[in-house]
$ cat work_34.pdb   # PDB, C-alpha atoms
ATOM      1  CA  LEU A   4       4.199   6.779   1.976
ATOM      2  CA  GLU A   5       3.938   4.356  -0.908
ATOM      3  CA  VAL A   6       1.138   1.787  -0.870
ATOM      4  CA  GLY A   7       2.086  -1.178  -3.044
ATOM      5  CA  THR A   8       5.839  -1.660  -3.379
ATOM      6  CA  GLY A   9       5.770  -4.066  -6.299
ATOM      7  CA  THR A  10       9.208  -4.512  -7.859
ATOM      8  CA  GLY A  11      10.544  -1.369  -6.205
ATOM      9  CA  GLU A  12      10.987   0.564  -9.440
ATOM     10  CA  SER A  13       8.640   3.357  -8.353
ATOM     11  CA  THR A  14      10.202   3.336  -4.877
ATOM     12  CA  LEU A  15      13.622   3.708  -6.492
ATOM     13  CA  GLU A  16      12.409   6.690  -8.495
ATOM     14  CA  LEU A  17      11.052   8.378  -5.356
ATOM     15  CA  VAL A  18      14.339   7.862  -3.510
ATOM     16  CA  ARG A  19      16.382   9.068  -6.487
ATOM     17  CA  ARG A  20      14.406  12.308  -6.281
ATOM     18  CA  GLY A  21      15.510  12.781  -2.666
ATOM     19  CA  HIS A  22      12.471  11.475  -0.788
ATOM     20  CA  THR A  23      12.524   9.385   2.359
ATOM     21  CA  VAL A  24      10.090   6.549   1.648
ATOM     22  CA  ILE A  25       8.053   4.083   3.651
ATOM     23  CA  SER A  26       6.656   1.533   1.239
ATOM     24  CA  VAL A  27       4.009  -0.961   2.352
ATOM     25  CA  ASP A  28       3.243  -4.243   0.612
ATOM     26  CA  GLU A  29       1.605  -7.439   1.827
ATOM     27  CA  ASN A  30       3.594  -9.635  -0.540
ATOM     28  CA  PRO A  31       6.998 -10.642   0.909
ATOM     29  CA  ASP A  32       8.219 -11.625  -2.573
ATOM     30  CA  CYS A  33       7.652  -8.057  -3.763
ATOM     31  CA  LEU A  34       9.485  -6.680  -0.726
ATOM     32  CA  ARG A  35      12.425  -9.018  -1.362
ATOM     33  CA  LEU A  36      12.614  -7.972  -5.015
ATOM     34  CA  ALA A  37      12.325  -4.278  -4.125
ATOM     35  CA  ALA A  38      15.056  -4.587  -1.472
ATOM     36  CA  ASP A  39      17.378  -6.115  -4.072
ATOM     37  CA  THR A  40      16.539  -3.395  -6.616
ATOM     38  CA  LEU A  41      17.113  -0.558  -4.152
ATOM     39  CA  SER A  42      20.259  -2.039  -2.606
ATOM     40  CA  ALA A  43      21.766  -2.660  -6.052
ATOM     41  CA  ALA A  44      21.238   1.037  -6.797
ATOM     42  CA  GLY A  45      23.164   1.931  -3.620
ATOM     43  CA  HIS A  46      20.294   3.034  -1.387
ATOM     44  CA  ARG A  47      19.832   2.343   2.311
ATOM     45  CA  VAL A  48      17.018  -0.140   2.818
ATOM     46  CA  HIS A  49      15.451  -1.386   6.032
ATOM     47  CA  ARG A  50      13.083  -4.268   5.368
ATOM     48  CA  VAL A  51      10.586  -5.019   8.127
ATOM     49  CA  ASP A  52       8.936  -8.434   7.991
ATOM     50  CA  ARG A  53       5.913  -8.381  10.294
ATOM     51  CA  ALA A  54       3.598 -11.177   9.182
ATOM     52  CA  ARG A  55       2.975 -14.603  10.597
ATOM     53  CA  THR A  56       0.918 -16.793   8.309
ATOM     54  CA  ARG A  57      -1.018 -19.863   9.341
ATOM     55  CA  THR A  58      -3.490 -22.214   7.699
ATOM     56  CA  ALA A  59      -7.169 -21.338   8.152
ATOM     57  CA  GLY A  60      -9.679 -23.745   6.630
ATOM     58  CA  SER A  61      -8.935 -23.989   2.920
ATOM     59  CA  GLY A  62      -6.978 -20.727   2.976
ATOM     60  CA  TYR A  63      -4.592 -18.806   5.165
ATOM     61  CA  LEU A  64      -4.688 -16.148   7.868
ATOM     62  CA  VAL A  65      -2.103 -13.407   8.348
ATOM     63  CA  GLU A  66      -1.346 -11.812  11.704
ATOM     64  CA  TYR A  67       0.871  -8.733  11.872
ATOM     65  CA  ARG A  68       3.207  -7.741  14.690
ATOM     66  CA  TYR A  69       3.551  -4.093  15.655
ATOM     67  CA  PRO A  70       6.620  -2.595  13.914
ATOM     68  CA  LYS A  71       8.962  -1.777  16.818
ATOM     69  CA  ASP A  72      12.050   0.405  16.679
ATOM     70  CA  VAL A  73      11.558   1.350  13.035
ATOM     71  CA  VAL A  74      12.550   4.936  12.303
ATOM     72  CA  PRO A  75      12.667   6.470   8.819
ATOM     73  CA  LEU A  76      16.173   7.632   7.888
ATOM     74  CA  PRO A  77      16.501  10.739   5.683
ATOM     75  CA  GLY A  78      16.972   9.591   2.102
ATOM     76  CA  GLY A  79      16.415   5.970   3.069
ATOM     77  CA  VAL A  80      13.690   3.419   2.489
ATOM     78  CA  ILE A  81      11.641   1.310   4.838
ATOM     79  CA  LEU A  82      10.015  -1.645   3.126
ATOM     80  CA  LEU A  83       7.230  -2.606   5.497
ATOM     81  CA  GLU A  84       5.296  -5.838   5.264
ATOM     82  CA  GLY A  85       1.691  -4.843   5.836
ATOM     83  CA  ASP A  86      -1.789  -4.813   4.391
ATOM     84  CA  VAL A  87      -3.751  -1.576   4.252
ATOM     85  CA  ILE A  88      -7.080  -3.422   4.254
ATOM     86  CA  ASN A  89      -6.275  -6.148   6.781
ATOM     87  CA  ASP A  90      -3.671  -4.820   9.227
ATOM     88  CA  PRO A  91      -5.196  -2.937  12.162
ATOM     89  CA  LYS A  92      -1.829  -2.007  13.715
ATOM     90  CA  LEU A  93      -0.492  -0.392  10.562
ATOM     91  CA  ILE A  94      -2.501   2.840  10.561
ATOM     92  CA  GLY A  95      -1.780   3.582  14.222
ATOM     93  CA  TRP A  96       1.944   3.100  13.673
ATOM     94  CA  LEU A  97       1.898   5.352  10.611
ATOM     95  CA  GLU A  98      -0.067   8.023  12.516
ATOM     96  CA  ALA A  99       2.540   7.977  15.282
ATOM     97  CA  LEU A 100       5.184   9.043  12.750
ATOM     98  CA  GLY A 101       3.547  12.466  12.564
ATOM     99  CA  GLY A 102       2.153  12.776   9.050
ATOM    100  CA  PHE A 103       3.285  12.473   5.460
ATOM    101  CA  ASP A 104       3.955  15.010   2.736
ATOM    102  CA  ALA A 105       2.686  12.594   0.094
ATOM    103  CA  ILE A 106       0.913   9.269  -0.247
ATOM    104  CA  VAL A 107       1.137   7.392  -3.528
ATOM    105  CA  CYS A 108      -0.669   4.290  -4.736
ATOM    106  CA  TRP A 109       0.493   3.438  -8.237
ATOM    107  CA  LEU A 110      -0.638   0.557 -10.441
ATOM    108  CA  ILE A 111      -1.207  -1.903  -7.618
ATOM    109  CA  GLY A 112      -1.881  -5.518  -8.370
ATOM    110  CA  THR A 113      -2.445  -8.678  -6.411
ATOM    111  CA  HIS A 114      -1.385 -12.293  -6.432
ATOM    112  CA  GLU A 115      -3.559 -15.253  -7.410
ATOM    113  CA  ALA A 116      -3.872 -16.601  -3.841
ATOM    114  CA  ARG A 117      -5.117 -13.309  -2.371
ATOM    115  CA  HIS A 118      -8.738 -14.527  -2.351
ATOM    116  CA  LEU A 119      -7.660 -17.348   0.004
ATOM    117  CA  ASN A 120      -6.812 -14.867   2.773
ATOM    118  CA  ALA A 121      -9.392 -15.718   5.462
ATOM    119  CA  GLY A 122      -9.003 -12.242   6.969
ATOM    120  CA  LEU A 123     -10.579 -10.784   3.854
ATOM    121  CA  ALA A 124     -13.513 -13.208   3.627
ATOM    122  CA  ASP A 125     -16.012 -10.662   4.984
ATOM    123  CA  LEU A 126     -15.058  -8.252   2.195
ATOM    124  CA  GLN A 127     -16.047 -10.808  -0.473
ATOM    125  CA  ILE A 128     -13.294  -9.754  -2.848
ATOM    126  CA  ARG A 129     -13.618 -11.915  -5.952
ATOM    127  CA  THR A 130     -11.487 -10.171  -8.583
ATOM    128  CA  SER A 131      -8.242  -8.239  -8.730
ATOM    129  CA  GLY A 132     -10.269  -5.171  -9.794
ATOM    130  CA  GLU A 133     -12.372  -5.395  -6.629
ATOM    131  CA  TYR A 134      -9.175  -5.754  -4.610
ATOM    132  CA  ARG A 135      -7.661  -2.625  -6.202
ATOM    133  CA  LEU A 136     -10.861  -0.688  -5.509
ATOM    134  CA  ARG A 137     -10.816  -1.738  -1.830
ATOM    135  CA  VAL A 138      -7.169  -0.761  -1.494
ATOM    136  CA  GLN A 139      -7.769   2.589  -3.176
ATOM    137  CA  ASN A 140     -10.771   3.271  -0.925
ATOM    138  CA  ARG A 141      -8.570   2.554   2.075
ATOM    139  CA  VAL A 142      -5.803   4.768   0.703
ATOM    140  CA  TYR A 143      -8.243   7.688   0.479
ATOM    141  CA  GLU A 144      -9.256   7.091   4.108
ATOM    142  CA  MET A 145      -5.614   6.799   5.166
ATOM    143  CA  ALA A 146      -4.702   9.991   3.338
ATOM    144  CA  ASP A 147      -7.441  11.830   5.203
ATOM    145  CA  ARG A 148      -5.777  10.823   8.478
ATOM    146  CA  LEU A 149      -2.089  10.750   7.537
ATOM    147  CA  LEU A 150      -1.406  13.645   5.156
ATOM    148  CA  ARG A 151       0.054  16.849   6.530
ATOM    149  CA  PRO A 152      -1.794  20.050   5.555
ATOM    150  CA  GLY A 153      -1.036  20.704   1.892
ATOM    151  CA  GLY A 154       0.045  17.073   1.373
ATOM    152  CA  ILE A 155      -0.454  15.241  -1.884
ATOM    153  CA  LEU A 156      -2.394  12.061  -2.614
ATOM    154  CA  HIS A 157      -1.552  10.491  -5.970
ATOM    155  CA  VAL A 158      -3.464   7.418  -7.156
ATOM    156  CA  VAL A 159      -2.750   5.789 -10.518
ATOM    157  CA  ASP A 160      -4.974   2.862 -11.464
ATOM    158  CA  ARG A 161      -4.349   0.061 -13.918
ATOM    159  CA  GLY A 162      -6.393  -0.139 -17.081
ATOM    160  CA  GLU A 163      -6.573   0.645 -20.741
ATOM    161  CA  ALA A 164      -6.223   4.146 -22.127
ATOM    162  CA  PRO A 165      -9.673   5.554 -21.394
ATOM    163  CA  SER A 166     -12.102   7.015 -23.871
ATOM    164  CA  ALA A 167     -13.571  10.387 -22.889
ATOM    165  CA  GLU A 168     -16.621   8.646 -21.403
ATOM    166  CA  ILE A 169     -14.556   6.149 -19.395
ATOM    167  CA  LYS A 170     -12.237   8.965 -18.281
ATOM    168  CA  ASP A 171     -15.211  10.898 -16.868
ATOM    169  CA  ASP A 172     -16.514   7.743 -15.166
ATOM    170  CA  THR A 173     -13.091   7.093 -13.642
ATOM    171  CA  LEU A 174     -12.757  10.661 -12.370
ATOM    172  CA  ASN A 175     -16.257  10.503 -10.898
ATOM    173  CA  ALA A 176     -15.418   7.177  -9.224
ATOM    174  CA  HIS A 177     -12.356   8.761  -7.581
ATOM    175  CA  ARG A 178     -14.467  11.729  -6.485
ATOM    176  CA  ASP A 179     -16.872   9.227  -4.893
ATOM    177  CA  GLN A 180     -13.950   7.513  -3.154
ATOM    178  CA  ALA A 181     -12.795  10.830  -1.761
ATOM    179  CA  SER A 182     -16.306  11.937  -0.762
ATOM    180  CA  VAL A 183     -16.113  10.096   2.572
ATOM    181  CA  THR A 184     -13.014  12.108   3.507
ATOM    182  CA  SER A 185     -12.089  15.753   3.906
ATOM    183  CA  LEU A 186      -9.948  15.584   0.753
TER
END

$ encode --input "work_34.pdb" --output "structure tokens"
Amino acid sequence: LEVGTGTGESTLELVRRGHTVISVDENPDCLRLAADTLSAAGHRVHRVDRARTRTAGSGYLVEYRYPKDVVPLPGGVILLEGDVINDPKLIGWLEALGGFDAIVCWLIGTHEARHLNAGLADLQIRTSGEYRLRVQNRVYEMADRLLRPGGILHVVDRGEAPSAEIKDDTLNAHRDQASVTSL
């Protein structure tokens, strides 16, 4: 399971190494770009668009449909439109698949209009850093529920090359994130 598809370059690398991948991203532009990247490299791609967006006040609201009849194909890729912090049907669907050998969340970003998502208003996310932290927190919680025994969680954050002090702070922050789980 990959959280944050982006351009699909990391997804492509996972598939090239023989993995079956489900990649989740809330940005349909990223999913479109990733589908093109993967298809151009000759890989089987099933893109699942699930969101309906409507105006809500001065922002927007996203509602997700349950992903029906979507089955991972060995060596293939499912690009799934979804939001790990604002998509209640996503986790249940992923749990029904029976567990994952690995969950990765690498270098996620966000788009400039993300703060206009009315479904996130209660979270009071003001910066892209706060957004990444919320997503990573959710990924730790998801991993606790979705990883098979012995599974791997791999989180890579954005940022500058850390000094020793910042490196320790970052590691301690990830330990804090994991502290609410059995990981």

$ atom_distance --input "work_34.pdb" --atom1 "atom CA of Arg68 of chain A" --atom2 "atom CA of Leu123 of chain A"
17.8 Å

$ atom_distance --input "work_34.pdb" --atom1 "atom CA of Glu168 of chain A" --atom2 "atom CA of Ile155 of chain A"
26.2 Å

$ residues_around --input "work_34.pdb" --residues "segment 141-148 of chain A" --least-positions-apart "6" --cutoff "12 Å" --atoms "all atoms listed in the file" --output "PDB file with C-alpha atoms, keeping the file's coordinate frame"
ATOM      1  CA  LEU A   4       4.199   6.779   1.976  1.00  0.00           C
ATOM      2  CA  GLU A   5       3.938   4.356  -0.908  1.00  0.00           C
ATOM      3  CA  VAL A   6       1.138   1.787  -0.870  1.00  0.00           C
ATOM      4  CA  GLY A   7       2.086  -1.178  -3.044  1.00  0.00           C
ATOM      5  CA  VAL A  27       4.009  -0.961   2.352  1.00  0.00           C
ATOM      6  CA  ASP A  86      -1.789  -4.813   4.391  1.00  0.00           C
ATOM      7  CA  VAL A  87      -3.751  -1.576   4.252  1.00  0.00           C
ATOM      8  CA  ILE A  88      -7.080  -3.422   4.254  1.00  0.00           C
ATOM      9  CA  ASN A  89      -6.275  -6.148   6.781  1.00  0.00           C
ATOM     10  CA  ASP A  90      -3.671  -4.820   9.227  1.00  0.00           C
ATOM     11  CA  PRO A  91      -5.196  -2.937  12.162  1.00  0.00           C
ATOM     12  CA  LEU A  93      -0.492  -0.392  10.562  1.00  0.00           C
ATOM     13  CA  ILE A  94      -2.501   2.840  10.561  1.00  0.00           C
ATOM     14  CA  GLY A  95      -1.780   3.582  14.222  1.00  0.00           C
ATOM     15  CA  TRP A  96       1.944   3.100  13.673  1.00  0.00           C
ATOM     16  CA  LEU A  97       1.898   5.352  10.611  1.00  0.00           C
ATOM     17  CA  GLU A  98      -0.067   8.023  12.516  1.00  0.00           C
ATOM     18  CA  ALA A  99       2.540   7.977  15.282  1.00  0.00           C
ATOM     19  CA  LEU A 100       5.184   9.043  12.750  1.00  0.00           C
ATOM     20  CA  GLY A 101       3.547  12.466  12.564  1.00  0.00           C
ATOM     21  CA  GLY A 102       2.153  12.776   9.050  1.00  0.00           C
ATOM     22  CA  PHE A 103       3.285  12.473   5.460  1.00  0.00           C
ATOM     23  CA  ASP A 104       3.955  15.010   2.736  1.00  0.00           C
ATOM     24  CA  ALA A 105       2.686  12.594   0.094  1.00  0.00           C
ATOM     25  CA  ILE A 106       0.913   9.269  -0.247  1.00  0.00           C
ATOM     26  CA  VAL A 107       1.137   7.392  -3.528  1.00  0.00           C
ATOM     27  CA  CYS A 108      -0.669   4.290  -4.736  1.00  0.00           C
ATOM     28  CA  TRP A 109       0.493   3.438  -8.237  1.00  0.00           C
ATOM     29  CA  ILE A 111      -1.207  -1.903  -7.618  1.00  0.00           C
ATOM     30  CA  TYR A 134      -9.175  -5.754  -4.610  1.00  0.00           C
ATOM     31  CA  ARG A 135      -7.661  -2.625  -6.202  1.00  0.00           C
ATOM     32  CA  GLY A 154       0.045  17.073   1.373  1.00  0.00           C
ATOM     33  CA  ILE A 155      -0.454  15.241  -1.884  1.00  0.00           C
ATOM     34  CA  LEU A 156      -2.394  12.061  -2.614  1.00  0.00           C
ATOM     35  CA  HIS A 157      -1.552  10.491  -5.970  1.00  0.00           C
ATOM     36  CA  VAL A 158      -3.464   7.418  -7.156  1.00  0.00           C
ATOM     37  CA  VAL A 159      -2.750   5.789 -10.518  1.00  0.00           C
ATOM     38  CA  HIS A 177     -12.356   8.761  -7.581  1.00  0.00           C
ATOM     39  CA  ARG A 178     -14.467  11.729  -6.485  1.00  0.00           C
ATOM     40  CA  ASP A 179     -16.872   9.227  -4.893  1.00  0.00           C
ATOM     41  CA  GLN A 180     -13.950   7.513  -3.154  1.00  0.00           C
ATOM     42  CA  ALA A 181     -12.795  10.830  -1.761  1.00  0.00           C
ATOM     43  CA  SER A 182     -16.306  11.937  -0.762  1.00  0.00           C
ATOM     44  CA  VAL A 183     -16.113  10.096   2.572  1.00  0.00           C
ATOM     45  CA  THR A 184     -13.014  12.108   3.507  1.00  0.00           C
ATOM     46  CA  SER A 185     -12.089  15.753   3.906  1.00  0.00           C
ATOM     47  CA  LEU A 186      -9.948  15.584   0.753  1.00  0.00           C
TER      48      LEU A 186
END

$ residues_near_point --input "work_34.pdb" --point "(3.2, -10.9, 12.4)" --cutoff "8 Å" --atoms "all atoms listed in the file" --output "PyMOL selection string"
chain A and resi 52-56+65-69

$ atom_distance --input "work_34.pdb" --atom1 "atom CA of Gln127 of chain A" --atom2 "atom CA of Asp160 of chain A"
20.7 Å

$ axis_aligned_box --input "work_34.pdb" --around "segment 5-18 of chain A" --padding-each-side "8 Å" --output "AutoDock Vina command-line options"
--center_x 7.7 --center_y 1.9 --center_z -5.2 --size_x 29.2 --size_y 28.9 --size_z 24.6
